[in-house]
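Visitor: Coordinates in model_18.json, JSON, C-alpha atoms, are listed below.
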[["chain", "number", "residue", "atom", "x", "y", "z"],
["U", 7, "MET", "CA", -14.29, -15.53, 2.34],
["U", 8, "VAL", "CA", -16.72, -13.41, 4.34],
["U", 9, "LEU", "CA", -15.17, -11.11, 6.92],
["U", 10, "ASN", "CA", -18.19, -10.71, 9.14],
["U", 11, "VAL", "CA", -20.80, -13.43, 9.53],
["U", 12, "LYS", "CA", -22.32, -12.15, 12.77],
["U", 13, "THR", "CA", -26.10, -12.08, 12.49],
["U", 14, "ALA", "CA", -26.34, -9.39, 15.18],
["U", 15, "VAL", "CA", -24.77, -6.67, 13.02],
["U", 16, "ASP", "CA", -27.14, -3.73, 12.73],
["U", 17, "PRO", "CA", -28.26, -3.47, 9.07],
["U", 18, "ALA", "CA", -28.33, 0.31, 9.35],
["U", 19, "LEU", "CA", -24.73, 0.32, 10.59],
["U", 20, "ARG", "CA", -23.72, -1.99, 7.75],
["U", 21, "ALA", "CA", -25.37, 0.32, 5.24],
["U", 22, "HIS", "CA", -23.65, 3.34, 6.79],
["U", 23, "SER", "CA", -20.28, 1.60, 6.53],
["U", 24, "ALA", "CA", -20.90, 0.75, 2.88],
["U", 25, "GLU", "CA", -21.87, 4.34, 2.09],
["U", 26, "SER", "CA", -18.79, 5.64, 3.91],
["U", 27, "LEU", "CA", -16.54, 3.38, 1.85],
["U", 28, "ARG", "CA", -18.18, 4.57, -1.38],
["U", 29, "ASN", "CA", -17.63, 8.17, -0.28],
["U", 30, "LEU", "CA", -13.99, 7.42, 0.50],
["U", 31, "CYS", "CA", -13.48, 5.93, -2.95],
["U", 32, "ASN", "CA", -15.19, 8.89, -4.63],
["U", 33, "TRP", "CA", -12.95, 11.28, -2.69],
["U", 34, "ALA", "CA", -9.78, 9.34, -3.52],
["U", 35, "VAL", "CA", -10.42, 9.19, -7.25],
["U", 36, "ALA", "CA", -11.37, 12.88, -7.40],
["U", 37, "ALA", "CA", -8.28, 13.84, -5.37],
["U", 38, "MET", "CA", -6.02, 12.29, -8.03],
["U", 39, "ASP", "CA", -7.11, 15.12, -10.36],
["U", 40, "ARG", "CA", -6.01, 17.84, -7.94],
["U", 41, "PRO", "CA", -2.49, 18.89, -6.95],
["U", 42, "LEU", "CA", -1.41, 18.03, -3.42],
["U", 43, "PRO", "CA", -1.04, 20.84, -0.91],
["U", 44, "GLU", "CA", 2.68, 21.56, -0.64],
["U", 45, "ALA", "CA", 2.97, 20.39, 2.96],
["U", 46, "ILE", "CA", 1.40, 17.02, 2.10],
["U", 47, "ARG", "CA", 3.52, 16.72, -1.06],
["U", 48, "ARG", "CA", 6.70, 17.21, 0.96],
["U", 49, "ARG", "CA", 5.53, 14.73, 3.58],
["U", 50, "ALA", "CA", 4.77, 12.12, 0.92],
["U", 51, "ALA", "CA", 8.23, 12.62, -0.58],
["U", 52, "LEU", "CA", 9.81, 12.24, 2.88],
["U", 53, "VAL", "CA", 7.89, 9.01, 3.51],
["U", 54, "LEU", "CA", 8.99, 7.66, 0.13],
["U", 55, "MET", "CA", 12.65, 8.51, 0.72],
["U", 56, "ASP", "CA", 12.53, 7.04, 4.22],
["U", 57, "ASP", "CA", 11.12, 3.77, 2.92],
["U", 58, "LEU", "CA", 13.58, 3.62, 0.03],
["U", 59, "GLY", "CA", 16.43, 4.12, 2.46],
["U", 60, "ALA", "CA", 15.15, 1.30, 4.64],
["U", 61, "ALA", "CA", 14.98, -1.03, 1.64],
["U", 62, "ALA", "CA", 18.48, -0.08, 0.53],
["U", 63, "ALA", "CA", 19.79, -0.67, 4.05],
["U", 64, "ALA", "CA", 18.36, -4.18, 4.00],
["U", 65, "SER", "CA", 19.58, -5.02, 0.51],
["U", 66, "THR", "CA", 22.88, -6.50, 1.75],
["U", 67, "GLU", "CA", 21.35, -8.68, 4.46],
["U", 68, "PRO", "CA", 22.06, -12.36, 3.63],
["U", 69, "GLU", "CA", 18.42, -13.43, 3.84],
["U", 70, "VAL", "CA", 17.28, -10.52, 1.68],
["U", 71, "MET", "CA", 19.96, -11.25, -0.91],
["U", 72, "ALA", "CA", 19.02, -14.93, -1.03],
["U", 73, "ALA", "CA", 15.32, -14.14, -1.41],
["U", 74, "ARG", "CA", 16.06, -11.54, -4.10],
["U", 75, "LYS", "CA", 17.90, -14.10, -6.21],
["U", 76, "ILE", "CA", 14.86, -16.35, -6.13],
["U", 77, "GLU", "CA", 12.51, -13.49, -6.97],
["U", 78, "LEU", "CA", 14.63, -12.27, -9.89],
["U", 79, "ARG", "CA", 14.81, -15.81, -11.26],
["U", 80, "SER", "CA", 11.12, -16.50, -10.74],
["U", 81, "LEU", "CA", 9.80, -13.14, -11.97],
["U", 82, "PRO", "CA", 12.27, -12.02, -14.64],
["U", 83, "GLY", "CA", 11.93, -8.95, -16.80],
["U", 84, "ILE", "CA", 13.21, -5.43, -17.33],
["U", 85, "GLU", "CA", 10.18, -3.35, -16.43],
["U", 86, "ALA", "CA", 11.25, -2.00, -13.04],
["U", 87, "SER", "CA", 14.23, -1.56, -10.73],
["U", 88, "VAL", "CA", 15.15, -3.43, -7.58],
["U", 89, "PHE", "CA", 16.87, -1.16, -5.08],
["U", 90, "ALA", "CA", 20.02, -3.16, -4.49],
["U", 91, "GLU", "CA", 23.63, -3.11, -5.67],
["U", 92, "GLY", "CA", 23.79, -2.83, -9.45],
["U", 93, "LEU", "CA", 20.13, -1.79, -9.60],
["U", 94, "PRO", "CA", 18.96, -5.10, -11.11],
["U", 95, "ARG", "CA", 15.77, -5.16, -13.12],
["U", 96, "ALA", "CA", 12.78, -7.44, -13.03],
["U", 97, "SER", "CA", 9.18, -7.56, -14.09],
["U", 98, "ARG", "CA", 7.06, -5.03, -12.26],
["U", 99, "LEU", "CA", 5.75, -7.84, -10.08],
["U", 100, "GLY", "CA", 9.26, -9.12, -9.38],
["U", 101, "ALA", "CA", 10.52, -5.65, -8.46],
["U", 102, "ALA", "CA", 7.53, -5.01, -6.22],
["U", 103, "VAL", "CA", 8.02, -8.30, -4.39],
["U", 104, "ALA", "CA", 11.77, -7.83, -3.97],
["U", 105, "ASN", "CA", 11.51, -4.22, -2.81],
["U", 106, "GLY", "CA", 8.53, -4.94, -0.60],
["U", 107, "MET", "CA", 10.33, -7.77, 1.15],
["U", 108, "ALA", "CA", 13.36, -5.56, 1.81],
["U", 109, "ALA", "CA", 11.36, -2.51, 2.88],
["U", 110, "THR", "CA", 10.60, -3.62, 6.41],
["U", 111, "TRP", "CA", 13.47, -6.03, 7.03],
["U", 112, "CYS", "CA", 15.50, -3.68, 9.23],
["U", 113, "GLU", "CA", 12.46, -2.17, 10.96],
["U", 114, "LEU", "CA", 13.64, 1.29, 9.93],
["U", 115, "ASP", "CA", 10.73, 2.35, 7.73],
["U", 116, "GLU", "CA", 8.18, 4.95, 8.70],
["U", 117, "GLY", "CA", 5.14, 3.94, 10.70],
["U", 118, "TYR", "CA", 1.68, 5.36, 11.19],
["U", 119, "ARG", "CA", 1.69, 6.32, 14.84],
["U", 120, "LEU", "CA", -2.06, 6.21, 15.57],
["U", 121, "ALA", "CA", -2.43, 2.50, 14.74],
["U", 122, "PRO", "CA", -0.08, -0.46, 14.17],
["U", 123, "CYS", "CA", 0.54, 0.07, 10.47],
["U", 124, "HIS", "CA", 3.44, 0.96, 8.16],
["U", 125, "ALA", "CA", 1.24, 2.53, 5.52],
["U", 126, "GLY", "CA", 4.01, 3.84, 3.27],
["U", 127, "ALA", "CA", 5.87, 0.55, 3.22],
["U", 128, "CYS", "CA", 2.65, -1.15, 2.15],
["U", 129, "ILE", "CA", 2.30, 1.08, -0.91],
["U", 130, "TRP", "CA", 5.55, 2.23, -2.47],
["U", 131, "PRO", "CA", 7.00, -1.08, -3.78],
["U", 132, "VAL", "CA", 4.01, -1.70, -6.06],
["U", 133, "LEU", "CA", 3.59, 2.00, -6.80],
["U", 134, "LEU", "CA", 7.18, 2.57, -7.98],
["U", 135, "ALA", "CA", 7.30, -0.64, -10.00],
["U", 136, "GLU", "CA", 4.09, 0.28, -11.81],
["U", 137, "ALA", "CA", 5.20, 3.88, -12.26],
["U", 138, "GLU", "CA", 8.53, 2.90, -13.79],
["U", 139, "ALA", "CA", 6.90, 0.38, -16.11],
["U", 140, "SER", "CA", 4.15, 2.76, -17.21],
["U", 141, "GLY", "CA", 6.12, 6.03, -17.27],
["U", 142, "ALA", "CA", 4.04, 7.80, -14.61],
["U", 143, "SER", "CA", 5.36, 11.16, -13.43],
["U", 144, "VAL", "CA", 6.84, 11.87, -10.01],
["U", 145, "GLU", "CA", 3.93, 14.16, -9.21],
["U", 146, "THR", "CA", 1.42, 11.43, -10.01],
["U", 147, "VAL", "CA", 3.34, 8.92, -7.89],
["U", 148, "LEU", "CA", 3.44, 11.27, -4.89],
["U", 149, "ARG", "CA", -0.27, 11.99, -5.26],
["U", 150, "ALA", "CA", -1.15, 8.30, -5.39],
["U", 151, "LEU", "CA", 1.14, 7.59, -2.44],
["U", 152, "ALA", "CA", -0.41, 10.30, -0.26],
["U", 153, "ILE", "CA", -3.99, 9.29, -1.04],
["U", 154, "ALA", "CA", -3.36, 5.55, -0.68],
["U", 155, "TYR", "CA", -1.52, 6.23, 2.59],
["U", 156, "ASP", "CA", -4.59, 8.07, 3.88],
["U", 157, "ILE", "CA", -6.85, 5.16, 2.92],
["U", 158, "THR", "CA", -4.55, 2.58, 4.53],
["U", 159, "ALA", "CA", -4.31, 4.62, 7.72],
["U", 160, "ARG", "CA", -8.09, 4.97, 7.89],
["U", 161, "PHE", "CA", -8.52, 1.21, 7.59],
["U", 162, "SER", "CA", -5.90, 0.56, 10.24],
["U", 163, "GLU", "CA", -7.78, 2.81, 12.66],
["U", 164, "ALA", "CA", -11.15, 1.31, 11.73],
["U", 165, "PHE", "CA", -9.97, -2.26, 12.34],
["U", 166, "PRO", "CA", -7.94, -2.20, 15.59],
["U", 167, "PHE", "CA", -6.26, -5.41, 16.70],
["U", 168, "ARG", "CA", -7.66, -6.90, 19.88],
["U", 169, "LEU", "CA", -4.54, -9.04, 20.14],
["U", 170, "MET", "CA", -1.43, -8.60, 18.01],
["U", 171, "SER", "CA", -1.81, -12.13, 16.63],
["U", 172, "VAL", "CA", -1.43, -10.99, 13.02],
["U", 173, "HIS", "CA", 1.33, -8.59, 12.02],
["U", 174, "PRO", "CA", -0.19, -5.45, 10.48],
["U", 175, "HIS", "CA", 1.99, -5.81, 7.39],
["U", 176, "ALA", "CA", 0.08, -8.96, 6.57],
["U", 177, "ALA", "CA", -3.25, -7.21, 7.06],
["U", 178, "PHE", "CA", -2.70, -3.84, 5.41],
["U", 179, "ALA", "CA", 0.01, -4.39, 2.80],
["U", 180, "THR", "CA", -2.55, -5.76, 0.36],
["U", 181, "LEU", "CA", -4.85, -2.80, 0.93],
["U", 182, "GLY", "CA", -2.07, -0.25, 0.47],
["U", 183, "ALA", "CA", -0.81, -1.92, -2.69],
["U", 184, "THR", "CA", -4.33, -2.20, -4.10],
["U", 185, "ALA", "CA", -5.16, 1.44, -3.37],
["U", 186, "GLY", "CA", -1.90, 2.78, -4.77],
["U", 187, "LEU", "CA", -2.04, 0.66, -7.91],
["U", 188, "GLY", "CA", -5.70, 1.44, -8.53],
["U", 189, "LEU", "CA", -5.13, 5.17, -8.25],
["U", 190, "LEU", "CA", -2.05, 5.11, -10.46],
["U", 191, "ARG", "CA", -3.91, 3.15, -13.12],
["U", 192, "GLY", "CA", -6.74, 5.69, -13.08],
["U", 193, "LEU", "CA", -9.60, 3.44, -11.99],
["U", 194, "ASP", "CA", -12.93, 5.18, -11.75],
["U", 195, "SER", "CA", -14.63, 5.25, -8.35],
["U", 196, "ALA", "CA", -16.79, 2.17, -9.02],
["U", 197, "ARG", "CA", -13.87, 0.01, -10.10],
["U", 198, "PHE", "CA", -11.73, 1.39, -7.28],
["U", 199, "LEU", "CA", -14.44, 0.40, -4.81],
["U", 200, "ASP", "CA", -14.52, -3.09, -6.34],
["U", 201, "ALA", "CA", -10.75, -3.38, -5.91],
["U", 202, "LEU", "CA", -10.85, -2.41, -2.23],
["U", 203, "GLN", "CA", -13.75, -4.75, -1.58],
["U", 204, "LEU", "CA", -11.77, -7.57, -3.16],
["U", 205, "PHE", "CA", -8.99, -6.79, -0.68],
["U", 206, "THR", "CA", -11.38, -7.20, 2.23],
["U", 207, "ARG", "CA", -12.30, -10.67, 0.97],
["U", 208, "LEU", "CA", -8.67, -11.79, 0.74],
["U", 209, "VAL", "CA", -7.32, -10.61, 4.08],
["U", 210, "ASN", "CA", -8.53, -11.29, 7.61],
["U", 211, "ILE", "CA", -8.28, -8.07, 9.65],
["U", 212, "GLY", "CA", -8.26, -8.26, 13.41]]
Would you mind writing the file's structure down as structure tokens?
Guide:
Amino acid sequence: MVLNVKTAVDPALRAHSAESLRNLCNWAVAAMDRPLPEAIRRRAALVLMDDLGAAAAASTEPEVMAARKIELRSLPGIEASVFAEGLPRASRLGAAVANGMAATWCELDEGYRLAPCHAGACIWPVLLAEAEASGASVETVLRALAIAYDITARFSEAFPFRLMSVHPHAAFATLGATAGLGLLRGLDSARFLDALQLFTRLVNIG
């Protein structure tokens, strides 16, 4: 799928956009090797706790419980935790799907105020499932969350919705998950760029 087939797009502008995305990927990968400033670290932890609380609040909703049963049956395993009563376990994919579905159910999770996007809720379900399965440290998780949040927020501002015909979760959840997972798995900047470009081919923004 090609996002933009308009022949009138300025080639120079297209090239500038491509270079900007490469620079963003270079920055993100390099930032994973540096500690977060304390204020950003605390903010990332607050976002994570807020989103976890929202998922836990939704865990007893009948629809969420019914969906979780299907997900645990369809994607079994013991790699990662689902944040519900009894802390059931599933494959990392199963846990990410179950937690991601619950995260925004009650509309309590944090939101990025400068554009219609819940950047944290897009990232943490995949991030925590992968971290638990791989043994990543809390510091690494918070770093990946903060950087992936920044990337998701930048995309949400760069692609404003003319009409709210597509919910932003559908548009940016894939990007947030891709960015967080790529950073946690230590992709180099070229492979990280490839991953984000794949996202843009799978999701229609705007």
Visitor: Name the residues in contact with region 15-30 of chain U at a cut-off of 9 Å, using all atoms listed in the file, excluding same-chain residues fewer than 5 positions from it; report them as a list in words.
Guide: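 In the requested form, the answer reads Asn10, Val35, Ile157, Ser195, Ala196 and Leu199 of chain U.
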Visitor: Show me, as an MDAnalysis selection string, the residues that have an atom within 12 Å of Ser87 (chain U) when counting all atoms listed in the file, minus same-chain residues fewer than 3 positions from it.
Guide: chainID U and resid 58 78 82:84 90:105 131:139
Visitor: In terms of the shortest atom-to-atom distance over all atoms listed in the file, which of U:Leu202, U:Met55, U:Ile129, U:Met107 is closest to Ala152 (chain U)?
Guide: U:Ile129
Visitor: Using all atoms listed in the file, determine which residues lie at most 12 Å from Ala121 (chain U), disregarding the query and same-chain residues fewer than 2 positions distant; provide the list as a short mmCIF file (atom, residue, chain, number, x, y, z; two decimals) with C-alpha atoms, keeping the file's coordinate frame.
Guide:
data_model
loop_
_atom_site.label_atom_id
_atom_site.label_comp_id
_atom_site.auth_asym_id
_atom_site.auth_seq_id
_atom_site.Cartn_x
_atom_site.Cartn_y
_atom_site.Cartn_z
CA GLY U 117 5.14 3.94 10.70
CA TYR U 118 1.68 5.36 11.19
CA ARG U 119 1.69 6.32 14.84
CA CYS U 123 0.54 0.07 10.47
CA HIS U 124 3.44 0.96 8.16
CA ALA U 125 1.24 2.53 5.52
CA THR U 158 -4.55 2.58 4.53
CA ALA U 159 -4.31 4.62 7.72
CA ARG U 160 -8.09 4.97 7.89
CA PHE U 161 -8.52 1.21 7.59
CA SER U 162 -5.90 0.56 10.24
CA GLU U 163 -7.78 2.81 12.66
CA ALA U 164 -11.15 1.31 11.73
CA PHE U 165 -9.97 -2.26 12.34
CA PRO U 166 -7.94 -2.20 15.59
CA PHE U 167 -6.26 -5.41 16.70
CA ARG U 168 -7.66 -6.90 19.88
CA MET U 170 -1.43 -8.60 18.01
CA PRO U 174 -0.19 -5.45 10.48
CA HIS U 175 1.99 -5.81 7.39
CA PHE U 178 -2.70 -3.84 5.41
#
Visitor: Neighbouring residues of Glu69 (chain U) were defined as those with any atom within 12 Å, considering all atoms listed in the file; residues of the same chain fewer than 3 positions away were excluded. Please report them as a ChimeraX atom specification.
Guide: /U:64-66,72-76,104,107-108,111-112
Visitor: For a test of reading the model, state the distance in Å between CA of Leu114 (chain U) and CA of Ala63 (chain U), rounded to one decimal.
Guide: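 Pair CA of Leu114 (chain U) / CA of Ala63 (chain U) returns 8.7 Å.
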Visitor: Rounded to one decimal, what separation in Å do you get between CA of Val53 (chain U) and CA of Tyr155 (chain U)?
Guide: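 These atoms are spaced 9.9 Å apart.
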Visitor: Rounded to one decimal, what separation in Å do you get between CA of Ala45 (chain U) and CA of Phe198 (chain U)?
Guide: 26.1 Å
Visitor: Can you list, as a list in words, every protein, DNA or RNA residue that comes within 10 Å of Gly188 (chain U) when you count only C-alpha atoms, leaving out same-chain residues fewer than 2 positions away?
Guide: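 Residues meeting the cut-off are Val35, Leu133, Ala150, Ala154, Gly182, Ala183, Thr184, Ala185, Gly186, Leu190, Arg191, Gly192, Leu193, Asp194, Ser195, Arg197, Phe198, Leu199, Ala201 and Leu202 of chain U.
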Visitor: So that all listed atoms of region 90-100 of chain U fit with 5 Å spare on each side, what axis-aligned box centre and edge lengths in Å, to one decimal, would you give as AutoDock Vina command-line options?
Guide:
--center_x 14.8 --center_y -5.5 --center_z -9.3 --size_x 28.0 --size_y 17.3 --size_z 19.6
Visitor: Which one of U:Ala142, U:Pro122, U:Ala109, U:Ser80 sits closest to Glu67 (chain U) if you count all atoms listed in the file?
Guide: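 Of U:Ala142, U:Pro122, U:Ala109, U:Ser80, the one nearest Glu67 (chain U) is U:Ala109, counting all atoms listed in the file.
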Visitor: Given all atoms listed in the file as the basis, pick out the residue of U:Gly106, U:Pro68, U:Gly141, U:Gly126 nearest to Leu52 (chain U).
Guide: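 Once distances to Leu52 (chain U) are computed over all atoms listed in the file, the minimum belongs to U:Gly126.
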Visitor: Emit region 25-36 of chain U of the structure in the block as a file comprising all heavy atoms, as a tab-separated table (two decimals), in the first residue's frame.
Guide:
chain	number	residue	atom	x	y	z
U	25	GLU	N	14.85	12.48	4.81
U	25	GLU	CA	16.06	12.78	5.60
U	25	GLU	C	15.69	13.04	7.06
U	25	GLU	O	16.40	12.60	7.98
U	25	GLU	CB	16.78	13.99	5.01
U	25	GLU	CG	18.07	14.36	5.73
U	25	GLU	CD	19.13	13.28	5.64
U	25	GLU	OE1	19.05	12.42	4.73
U	25	GLU	OE2	20.04	13.27	6.49
U	26	SER	N	14.59	13.72	7.29
U	26	SER	CA	14.15	13.99	8.66
U	26	SER	C	13.82	12.70	9.40
U	26	SER	O	14.15	12.55	10.59
U	26	SER	CB	12.92	14.90	8.65
U	26	SER	OG	13.24	16.17	8.10
U	27	LEU	N	13.19	11.75	8.71
U	27	LEU	CA	12.88	10.48	9.34
U	27	LEU	C	14.15	9.70	9.66
U	27	LEU	O	14.27	9.08	10.73
U	27	LEU	CB	11.95	9.65	8.44
U	27	LEU	CG	11.50	8.30	9.00
U	27	LEU	CD1	10.82	8.47	10.36
U	27	LEU	CD2	10.58	7.60	8.02
U	28	ARG	N	15.13	9.73	8.75
U	28	ARG	CA	16.41	9.07	9.04
U	28	ARG	C	17.08	9.70	10.25
U	28	ARG	O	17.62	8.99	11.12
U	28	ARG	CB	17.33	9.15	7.82
U	28	ARG	CG	17.01	8.15	6.71
U	28	ARG	CD	18.12	8.08	5.68
U	28	ARG	NE	18.21	9.31	4.92
U	28	ARG	CZ	17.54	9.54	3.80
U	28	ARG	NH1	16.72	8.62	3.32
U	28	ARG	NH2	17.68	10.69	3.16
U	29	ASN	N	17.04	11.03	10.34
U	29	ASN	CA	17.64	11.71	11.49
U	29	ASN	C	16.92	11.33	12.78
U	29	ASN	O	17.56	11.16	13.83
U	29	ASN	CB	17.58	13.22	11.28
U	29	ASN	CG	18.52	13.70	10.21
U	29	ASN	OD1	19.49	13.02	9.85
U	29	ASN	ND2	18.26	14.88	9.66
U	30	LEU	N	15.60	11.22	12.72
U	30	LEU	CA	14.83	10.83	13.90
U	30	LEU	C	15.22	9.43	14.36
U	30	LEU	O	15.39	9.19	15.56
U	30	LEU	CB	13.33	10.90	13.59
U	30	LEU	CG	12.38	10.51	14.73
U	30	LEU	CD1	12.52	11.47	15.90
U	30	LEU	CD2	10.94	10.48	14.21
U	31	CYS	N	15.38	8.52	13.41
U	31	CYS	CA	15.77	7.16	13.77
U	31	CYS	C	17.19	7.12	14.34
U	31	CYS	O	17.45	6.39	15.31
U	31	CYS	CB	15.66	6.26	12.54
U	31	CYS	SG	13.96	5.95	12.01
U	32	ASN	N	18.10	7.88	13.76
U	32	ASN	CA	19.46	7.94	14.29
U	32	ASN	C	19.45	8.47	15.73
U	32	ASN	O	20.16	7.94	16.60
U	32	ASN	CB	20.33	8.84	13.41
U	32	ASN	CG	20.62	8.23	12.06
U	32	ASN	OD1	20.54	7.02	11.87
U	32	ASN	ND2	20.94	9.08	11.08
U	33	TRP	N	18.67	9.52	15.96
U	33	TRP	CA	18.57	10.09	17.31
U	33	TRP	C	18.01	9.06	18.29
U	33	TRP	O	18.53	8.89	19.40
U	33	TRP	CB	17.68	11.33	17.30
U	33	TRP	CG	17.25	11.72	18.68
U	33	TRP	CD1	17.97	12.41	19.61
U	33	TRP	CD2	15.99	11.38	19.30
U	33	TRP	NE1	17.25	12.54	20.78
U	33	TRP	CE2	16.04	11.92	20.61
U	33	TRP	CE3	14.86	10.70	18.87
U	33	TRP	CZ2	14.98	11.77	21.50
U	33	TRP	CZ3	13.80	10.55	19.75
U	33	TRP	CH2	13.86	11.09	21.04
U	34	ALA	N	16.94	8.38	17.90
U	34	ALA	CA	16.26	7.44	18.80
U	34	ALA	C	17.19	6.31	19.21
U	34	ALA	O	17.28	5.96	20.40
U	34	ALA	CB	15.00	6.88	18.13
U	35	VAL	N	17.89	5.72	18.25
U	35	VAL	CA	18.78	4.61	18.55
U	35	VAL	C	19.94	5.08	19.44
U	35	VAL	O	20.31	4.40	20.40
U	35	VAL	CB	19.29	3.98	17.24
U	35	VAL	CG1	20.42	3.00	17.51
U	35	VAL	CG2	18.14	3.28	16.52
U	36	ALA	N	20.49	6.24	19.14
U	36	ALA	CA	21.59	6.77	19.97
U	36	ALA	C	21.11	7.10	21.38
U	36	ALA	O	21.84	6.88	22.36
U	36	ALA	CB	22.18	8.01	19.31
